[in-house]
>>> print(open('protein25.pdb').read())   # PDB, C-alpha atoms and all ligand atoms
ATOM      1  CA  MET A   1    -136.611 -42.645  67.372  1.00  0.00           C
ATOM      2  CA  SER A   2    -138.803 -41.973  70.410  1.00  0.00           C
ATOM      3  CA  VAL A   3    -139.785 -44.060  73.404  1.00  0.00           C
ATOM      4  CA  TYR A   4    -143.467 -43.767  74.404  1.00  0.00           C
ATOM      5  CA  ASN A   5    -145.083 -44.722  77.695  1.00  0.00           C
ATOM      6  CA  LEU A   6    -148.734 -45.534  76.924  1.00  0.00           C
ATOM      7  CA  THR A   7    -150.644 -46.283  80.111  1.00  0.00           C
ATOM      8  CA  PHE A   8    -154.233 -47.068  81.048  1.00  0.00           C
ATOM      9  CA  SER A   9    -154.483 -46.752  84.844  1.00  0.00           C
ATOM     10  CA  PRO A  10    -157.816 -45.808  86.492  1.00  0.00           C
ATOM     11  CA  THR A  11    -156.511 -46.136  90.062  1.00  0.00           C
ATOM     12  CA  GLY A  12    -152.797 -45.437  89.524  1.00  0.00           C
ATOM     13  CA  GLY A  13    -151.188 -48.850  90.156  1.00  0.00           C
ATOM     14  CA  THR A  14    -150.415 -49.587  86.517  1.00  0.00           C
ATOM     15  CA  LYS A  15    -149.012 -46.094  86.031  1.00  0.00           C
ATOM     16  CA  ARG A  16    -146.604 -46.512  88.956  1.00  0.00           C
ATOM     17  CA  ALA A  17    -145.272 -49.766  87.527  1.00  0.00           C
ATOM     18  CA  ALA A  18    -145.176 -48.368  83.972  1.00  0.00           C
ATOM     19  CA  ASP A  19    -143.321 -45.201  84.995  1.00  0.00           C
ATOM     20  CA  LEU A  20    -140.751 -47.182  86.961  1.00  0.00           C
ATOM     21  CA  PHE A  21    -140.136 -49.602  84.097  1.00  0.00           C
ATOM     22  CA  THR A  22    -140.129 -46.960  81.348  1.00  0.00           C
ATOM     23  CA  ARG A  23    -137.812 -44.617  83.273  1.00  0.00           C
ATOM     24  CA  SER A  24    -135.251 -47.362  83.838  1.00  0.00           C
ATOM     25  CA  PHE A  25    -135.543 -48.394  80.188  1.00  0.00           C
ATOM     26  CA  CYS A  26    -135.219 -44.841  78.824  1.00  0.00           C
ATOM     27  CA  PRO A  27    -135.352 -41.726  81.062  1.00  0.00           C
ATOM     28  CA  GLU A  28    -136.468 -39.525  78.160  1.00  0.00           C
ATOM     29  CA  ASN A  29    -139.872 -40.816  77.166  1.00  0.00           C
ATOM     30  CA  ILE A  30    -143.175 -39.379  76.026  1.00  0.00           C
ATOM     31  CA  CYS A  31    -146.247 -40.217  78.156  1.00  0.00           C
ATOM     32  CA  ILE A  32    -149.613 -40.924  76.569  1.00  0.00           C
ATOM     33  CA  ASP A  33    -152.438 -41.276  79.095  1.00  0.00           C
ATOM     34  CA  LEU A  34    -154.944 -43.829  77.825  1.00  0.00           C
ATOM     35  CA  THR A  35    -157.160 -43.041  80.845  1.00  0.00           C
ATOM     36  CA  SER A  36    -157.988 -39.527  79.683  1.00  0.00           C
ATOM     37  CA  HIS A  37    -161.426 -38.710  78.234  1.00  0.00           C
ATOM     38  CA  ASN A  38    -160.155 -35.580  76.510  1.00  0.00           C
ATOM     39  CA  GLU A  39    -157.617 -37.073  74.141  1.00  0.00           C
ATOM     40  CA  ASN A  40    -157.938 -37.437  70.380  1.00  0.00           C
ATOM     41  CA  TYR A  41    -156.406 -40.916  70.181  1.00  0.00           C
ATOM     42  CA  SER A  42    -156.702 -41.090  66.395  1.00  0.00           C
ATOM     43  CA  SER A  43    -154.045 -38.357  66.183  1.00  0.00           C
ATOM     44  CA  TYR A  44    -151.382 -40.788  67.434  1.00  0.00           C
ATOM     45  CA  SER A  45    -149.331 -42.385  64.701  1.00  0.00           C
ATOM     46  CA  PHE A  46    -145.989 -44.061  65.355  1.00  0.00           C
ATOM     47  CA  SER A  47    -143.093 -45.002  63.090  1.00  0.00           C
ATOM     48  CA  GLU A  48    -140.883 -48.036  62.575  1.00  0.00           C
ATOM     49  CA  GLU A  49    -138.077 -46.559  64.705  1.00  0.00           C
ATOM     50  CA  ASP A  50    -140.311 -45.916  67.740  1.00  0.00           C
ATOM     51  CA  ILE A  51    -140.617 -48.096  70.834  1.00  0.00           C
ATOM     52  CA  CYS A  52    -143.960 -48.055  72.663  1.00  0.00           C
ATOM     53  CA  ILE A  53    -144.259 -49.470  76.170  1.00  0.00           C
ATOM     54  CA  VAL A  54    -147.979 -50.251  76.507  1.00  0.00           C
ATOM     55  CA  SER A  55    -149.216 -50.888  80.051  1.00  0.00           C
ATOM     56  CA  VAL A  56    -152.690 -51.973  81.147  1.00  0.00           C
ATOM     57  CA  PRO A  57    -154.263 -53.593  84.219  1.00  0.00           C
ATOM     58  CA  SER A  58    -155.989 -56.966  83.971  1.00  0.00           C
ATOM     59  CA  TYR A  59    -159.748 -56.625  84.574  1.00  0.00           C
ATOM     60  CA  GLY A  60    -161.594 -59.951  84.652  1.00  0.00           C
ATOM     61  CA  GLY A  61    -158.575 -61.468  82.927  1.00  0.00           C
ATOM     62  CA  ARG A  62    -158.962 -59.124  79.945  1.00  0.00           C
ATOM     63  CA  VAL A  63    -157.727 -55.738  78.743  1.00  0.00           C
ATOM     64  CA  PRO A  64    -160.265 -53.113  79.968  1.00  0.00           C
ATOM     65  CA  SER A  65    -162.598 -52.492  77.000  1.00  0.00           C
ATOM     66  CA  ILE A  66    -162.165 -48.725  77.064  1.00  0.00           C
ATOM     67  CA  ALA A  67    -158.381 -49.186  76.719  1.00  0.00           C
ATOM     68  CA  VAL A  68    -158.983 -51.506  73.752  1.00  0.00           C
ATOM     69  CA  SER A  69    -161.195 -48.961  71.987  1.00  0.00           C
ATOM     70  CA  ARG A  70    -158.643 -46.171  72.542  1.00  0.00           C
ATOM     71  CA  LEU A  71    -155.709 -48.286  71.306  1.00  0.00           C
ATOM     72  CA  ARG A  72    -157.762 -49.254  68.254  1.00  0.00           C
ATOM     73  CA  GLN A  73    -157.910 -45.590  67.194  1.00  0.00           C
ATOM     74  CA  MET A  74    -154.113 -45.354  66.924  1.00  0.00           C
ATOM     75  CA  ASN A  75    -151.785 -46.228  64.064  1.00  0.00           C
ATOM     76  CA  GLY A  76    -148.915 -48.490  65.156  1.00  0.00           C
ATOM     77  CA  GLY A  77    -146.878 -47.742  62.012  1.00  0.00           C
ATOM     78  CA  LYS A  78    -144.688 -50.866  62.565  1.00  0.00           C
ATOM     79  CA  ALA A  79    -143.346 -49.505  65.867  1.00  0.00           C
ATOM     80  CA  LYS A  80    -142.009 -52.048  68.354  1.00  0.00           C
ATOM     81  CA  ALA A  81    -144.250 -52.626  71.381  1.00  0.00           C
ATOM     82  CA  ILE A  82    -143.317 -53.799  74.860  1.00  0.00           C
ATOM     83  CA  LEU A  83    -146.356 -55.109  76.732  1.00  0.00           C
ATOM     84  CA  LEU A  84    -146.770 -54.677  80.482  1.00  0.00           C
ATOM     85  CA  VAL A  85    -149.756 -56.076  82.401  1.00  0.00           C
ATOM     86  CA  VAL A  86    -150.428 -55.323  86.070  1.00  0.00           C
ATOM     87  CA  TYR A  87    -152.767 -57.636  87.964  1.00  0.00           C
ATOM     88  CA  GLY A  88    -153.983 -58.202  91.491  1.00  0.00           C
ATOM     89  CA  ASN A  89    -152.411 -61.620  92.087  1.00  0.00           C
ATOM     90  CA  ARG A  90    -155.502 -63.574  91.012  1.00  0.00           C
ATOM     91  CA  ALA A  91    -154.597 -64.244  87.343  1.00  0.00           C
ATOM     92  CA  TYR A  92    -154.031 -62.233  84.174  1.00  0.00           C
ATOM     93  CA  ASP A  93    -155.640 -64.965  82.014  1.00  0.00           C
ATOM     94  CA  ASP A  94    -155.941 -63.637  78.429  1.00  0.00           C
ATOM     95  CA  THR A  95    -154.795 -60.069  79.059  1.00  0.00           C
ATOM     96  CA  PHE A  96    -151.375 -60.405  77.361  1.00  0.00           C
ATOM     97  CA  VAL A  97    -152.743 -62.289  74.367  1.00  0.00           C
ATOM     98  CA  GLU A  98    -155.599 -59.802  73.892  1.00  0.00           C
ATOM     99  CA  LEU A  99    -153.230 -56.842  74.162  1.00  0.00           C
ATOM    100  CA  GLN A 100    -150.898 -58.443  71.623  1.00  0.00           C
ATOM    101  CA  ASP A 101    -153.822 -59.044  69.234  1.00  0.00           C
ATOM    102  CA  VAL A 102    -155.053 -55.448  69.494  1.00  0.00           C
ATOM    103  CA  LEU A 103    -151.589 -53.960  68.969  1.00  0.00           C
ATOM    104  CA  THR A 104    -150.906 -56.244  66.007  1.00  0.00           C
ATOM    105  CA  ASP A 105    -154.278 -55.292  64.473  1.00  0.00           C
ATOM    106  CA  VAL A 106    -153.440 -51.581  64.598  1.00  0.00           C
ATOM    107  CA  GLY A 107    -150.027 -52.023  62.981  1.00  0.00           C
ATOM    108  CA  PHE A 108    -147.456 -52.576  65.695  1.00  0.00           C
ATOM    109  CA  ARG A 109    -144.729 -55.046  64.773  1.00  0.00           C
ATOM    110  CA  ASN A 110    -145.223 -58.617  65.898  1.00  0.00           C
ATOM    111  CA  HIS A 111    -142.074 -60.701  66.256  1.00  0.00           C
ATOM    112  CA  ARG A 112    -143.962 -63.760  67.451  1.00  0.00           C
ATOM    113  CA  PRO A 113    -145.021 -66.591  65.150  1.00  0.00           C
ATOM    114  CA  GLU A 114    -148.774 -66.679  64.595  1.00  0.00           C
ATOM    115  CA  ASN A 115    -150.820 -68.261  67.419  1.00  0.00           C
ATOM    116  CA  SER A 116    -147.914 -68.373  69.867  1.00  0.00           C
ATOM    117  CA  ALA A 117    -148.300 -66.800  73.277  1.00  0.00           C
ATOM    118  CA  PRO A 118    -146.283 -63.662  74.030  1.00  0.00           C
ATOM    119  CA  ASP A 119    -143.237 -63.933  76.266  1.00  0.00           C
ATOM    120  CA  VAL A 120    -144.254 -63.295  79.824  1.00  0.00           C
ATOM    121  CA  VAL A 121    -141.777 -61.919  82.302  1.00  0.00           C
ATOM    122  CA  PHE A 122    -142.761 -61.879  85.944  1.00  0.00           C
ATOM    123  CA  ALA A 123    -141.408 -58.829  87.713  1.00  0.00           C
ATOM    124  CA  PRO A 124    -141.710 -58.279  91.459  1.00  0.00           C
ATOM    125  CA  VAL A 125    -143.566 -55.017  90.949  1.00  0.00           C
ATOM    126  CA  ASN A 126    -144.703 -54.747  94.584  1.00  0.00           C
ATOM    127  CA  VAL A 127    -141.087 -54.955  95.705  1.00  0.00           C
ATOM    128  CA  LEU A 128    -139.995 -52.431  93.091  1.00  0.00           C
ATOM    129  CA  LEU A 129    -142.751 -49.997  94.089  1.00  0.00           C
ATOM    130  CA  ARG A 130    -141.546 -49.925  97.692  1.00  0.00           C
ATOM    131  CA  GLN A 131    -138.069 -48.733  96.681  1.00  0.00           C
TER     132      GLN A 131
HETATM  133  C1  LIG B   1    -162.949 -54.316  87.768  1.00  0.00           C
HETATM  134  C2  LIG B   1    -161.633 -54.964  88.171  1.00  0.00           C
HETATM  135  C3  LIG B   1    -161.341 -56.244  87.705  1.00  0.00           C
HETATM  136  C4  LIG B   1    -160.135 -56.872  88.075  1.00  0.00           C
HETATM  137  N1  LIG B   1    -159.852 -58.124  87.610  1.00  0.00           N
HETATM  138  C5  LIG B   1    -158.695 -58.730  87.973  1.00  0.00           C
HETATM  139  C6  LIG B   1    -158.384 -60.047  87.496  1.00  0.00           C
HETATM  140  O1  LIG B   1    -159.116 -60.656  86.729  1.00  0.00           O
HETATM  141  N2  LIG B   1    -157.224 -60.619  87.925  1.00  0.00           N
HETATM  142  C7  LIG B   1    -156.360 -59.982  88.795  1.00  0.00           C
HETATM  143  O2  LIG B   1    -155.361 -60.583  89.156  1.00  0.00           O
HETATM  144  N3  LIG B   1    -156.615 -58.713  89.220  1.00  0.00           N
HETATM  145  C8  LIG B   1    -157.746 -58.085  88.834  1.00  0.00           C
HETATM  146  N4  LIG B   1    -158.012 -56.805  89.262  1.00  0.00           N
HETATM  147  C9  LIG B   1    -156.980 -56.088  90.019  1.00  0.00           C
HETATM  148  C10 LIG B   1    -156.245 -55.101  89.090  1.00  0.00           C
HETATM  149  O3  LIG B   1    -155.710 -55.751  87.951  1.00  0.00           O
HETATM  150  C11 LIG B   1    -155.091 -54.422  89.836  1.00  0.00           C
HETATM  151  O4  LIG B   1    -155.579 -53.883  91.041  1.00  0.00           O
HETATM  152  C12 LIG B   1    -154.458 -53.320  89.029  1.00  0.00           C
HETATM  153  O5  LIG B   1    -153.316 -52.877  89.713  1.00  0.00           O
HETATM  154  C13 LIG B   1    -155.361 -52.111  88.836  1.00  0.00           C
HETATM  155  O6  LIG B   1    -154.671 -51.183  88.035  1.00  0.00           O
HETATM  156  P1  LIG B   1    -154.801 -49.615  88.221  1.00  0.00           P
HETATM  157  O7  LIG B   1    -154.362 -49.305  89.661  1.00  0.00           O
HETATM  158  O8  LIG B   1    -153.857 -49.042  87.224  1.00  0.00           O
HETATM  159  O9  LIG B   1    -156.229 -49.218  87.969  1.00  0.00           O
HETATM  160  C14 LIG B   1    -159.212 -56.180  88.918  1.00  0.00           C
HETATM  161  C15 LIG B   1    -159.533 -54.890  89.381  1.00  0.00           C
HETATM  162  C16 LIG B   1    -160.715 -54.288  89.012  1.00  0.00           C
HETATM  163  C17 LIG B   1    -161.030 -52.891  89.520  1.00  0.00           C
END
>>> encode(input="protein25.pdb", output="structure tokens", more="lines below")
Ligand SMILES: Cc1cc2nc3c(=O)[nH]c(=O)nc-3n(C[C@H](O)[C@H](O)[C@H](O)COP(=O)(O)O)c2cc1C
Amino acid sequence: MSVYNLTFSPTGGTKRAADLFTRSFCPENICIDLTSHNENYSSYSFSEEDICIVSVPSYGGRVPSIAVSRLRQMNGGKAKAILLVVYGNRAYDDTFVELQDVLTDVGFRNHRPENSAPDVVFAPVNVLLRQ
């Protein structure tokens, strides 16, 4: 079983939140940078025992399209996914739902009944980041 920290973070805010959360969840984790141009994303394949913490920013209330296309190259392999969305205090709109749909499409496990919204937990990330 491995814990993965998959992060798309063009300007670093999402990565700071993701690292903080992932480290407190499991100090020994494997980072996958979804921002990198030089990665062969189709080489990533997870297994049922793995836990993947997938973090993206909300852009226009959606998952950034480049992050979607990179996630779509991976094989979820029935791994569990924890979804983390960072936004700029306007609104995250459909970002969680879209991220859930993409991850389910590529084979991550979905514990939610069909058509139900994912659980959303509000965390005071700005407060956490100042610590
Ligand atoms: C192109 C763009 C679109 C954004 N759209 C939204 C939005 O719809 N709602 C919101 O609350 N914040 C929005 N933001 C703010 C980002 O979600 C926020 O700054 C986030 O921390 C950026 O993540 P990063 O630092 O990992 O790149 C947007 C930022 C950018 C650059």
>>> residues_around(input="protein25.pdb", residues="Leu71 of chain A", least_positions_apart="2", cutoff="12 Å", atoms="all atoms listed in the file", output="ChimeraX atom specification")
/A:6-8,32-35,39-45,52,54-56,63-69,73-76,98-108
>>> resolve_selection(input="protein25.pdb", expression="the PyMOL selection byres (((not hetatm)) within 10 of (chain B and resi 1))", output="VMD selection string")
chain A and resid 7 to 18 35 55 to 64 85 to 95
>>> closest_residue(input="protein25.pdb", among="A:Ile53, A:Leu84, A:Arg109, A:Asn38", to="Phe25 of chain A", atoms="only C-alpha atoms")
A:Ile53
>>> atom_distance(input="protein25.pdb", atom1="atom CA of Lys78 of chain A", atom2="atom CA of Glu28 of chain A")
21.0 Å
>>> atom_distance(input="protein25.pdb", atom1="atom CA of Ile30 of chain A", atom2="atom CA of Ala81 of chain A")
14.1 Å
>>> atom_distance(input="protein25.pdb", atom1="atom CA of Gly77 of chain A", atom2="atom CA of Ser36 of chain A")
22.4 Å
>>> closest_residue(input="protein25.pdb", among="A:Asn5, A:Phe21, A:His37, A:Phe46", to="Arg70 of chain A", atoms="all atoms listed in the file")
A:His37
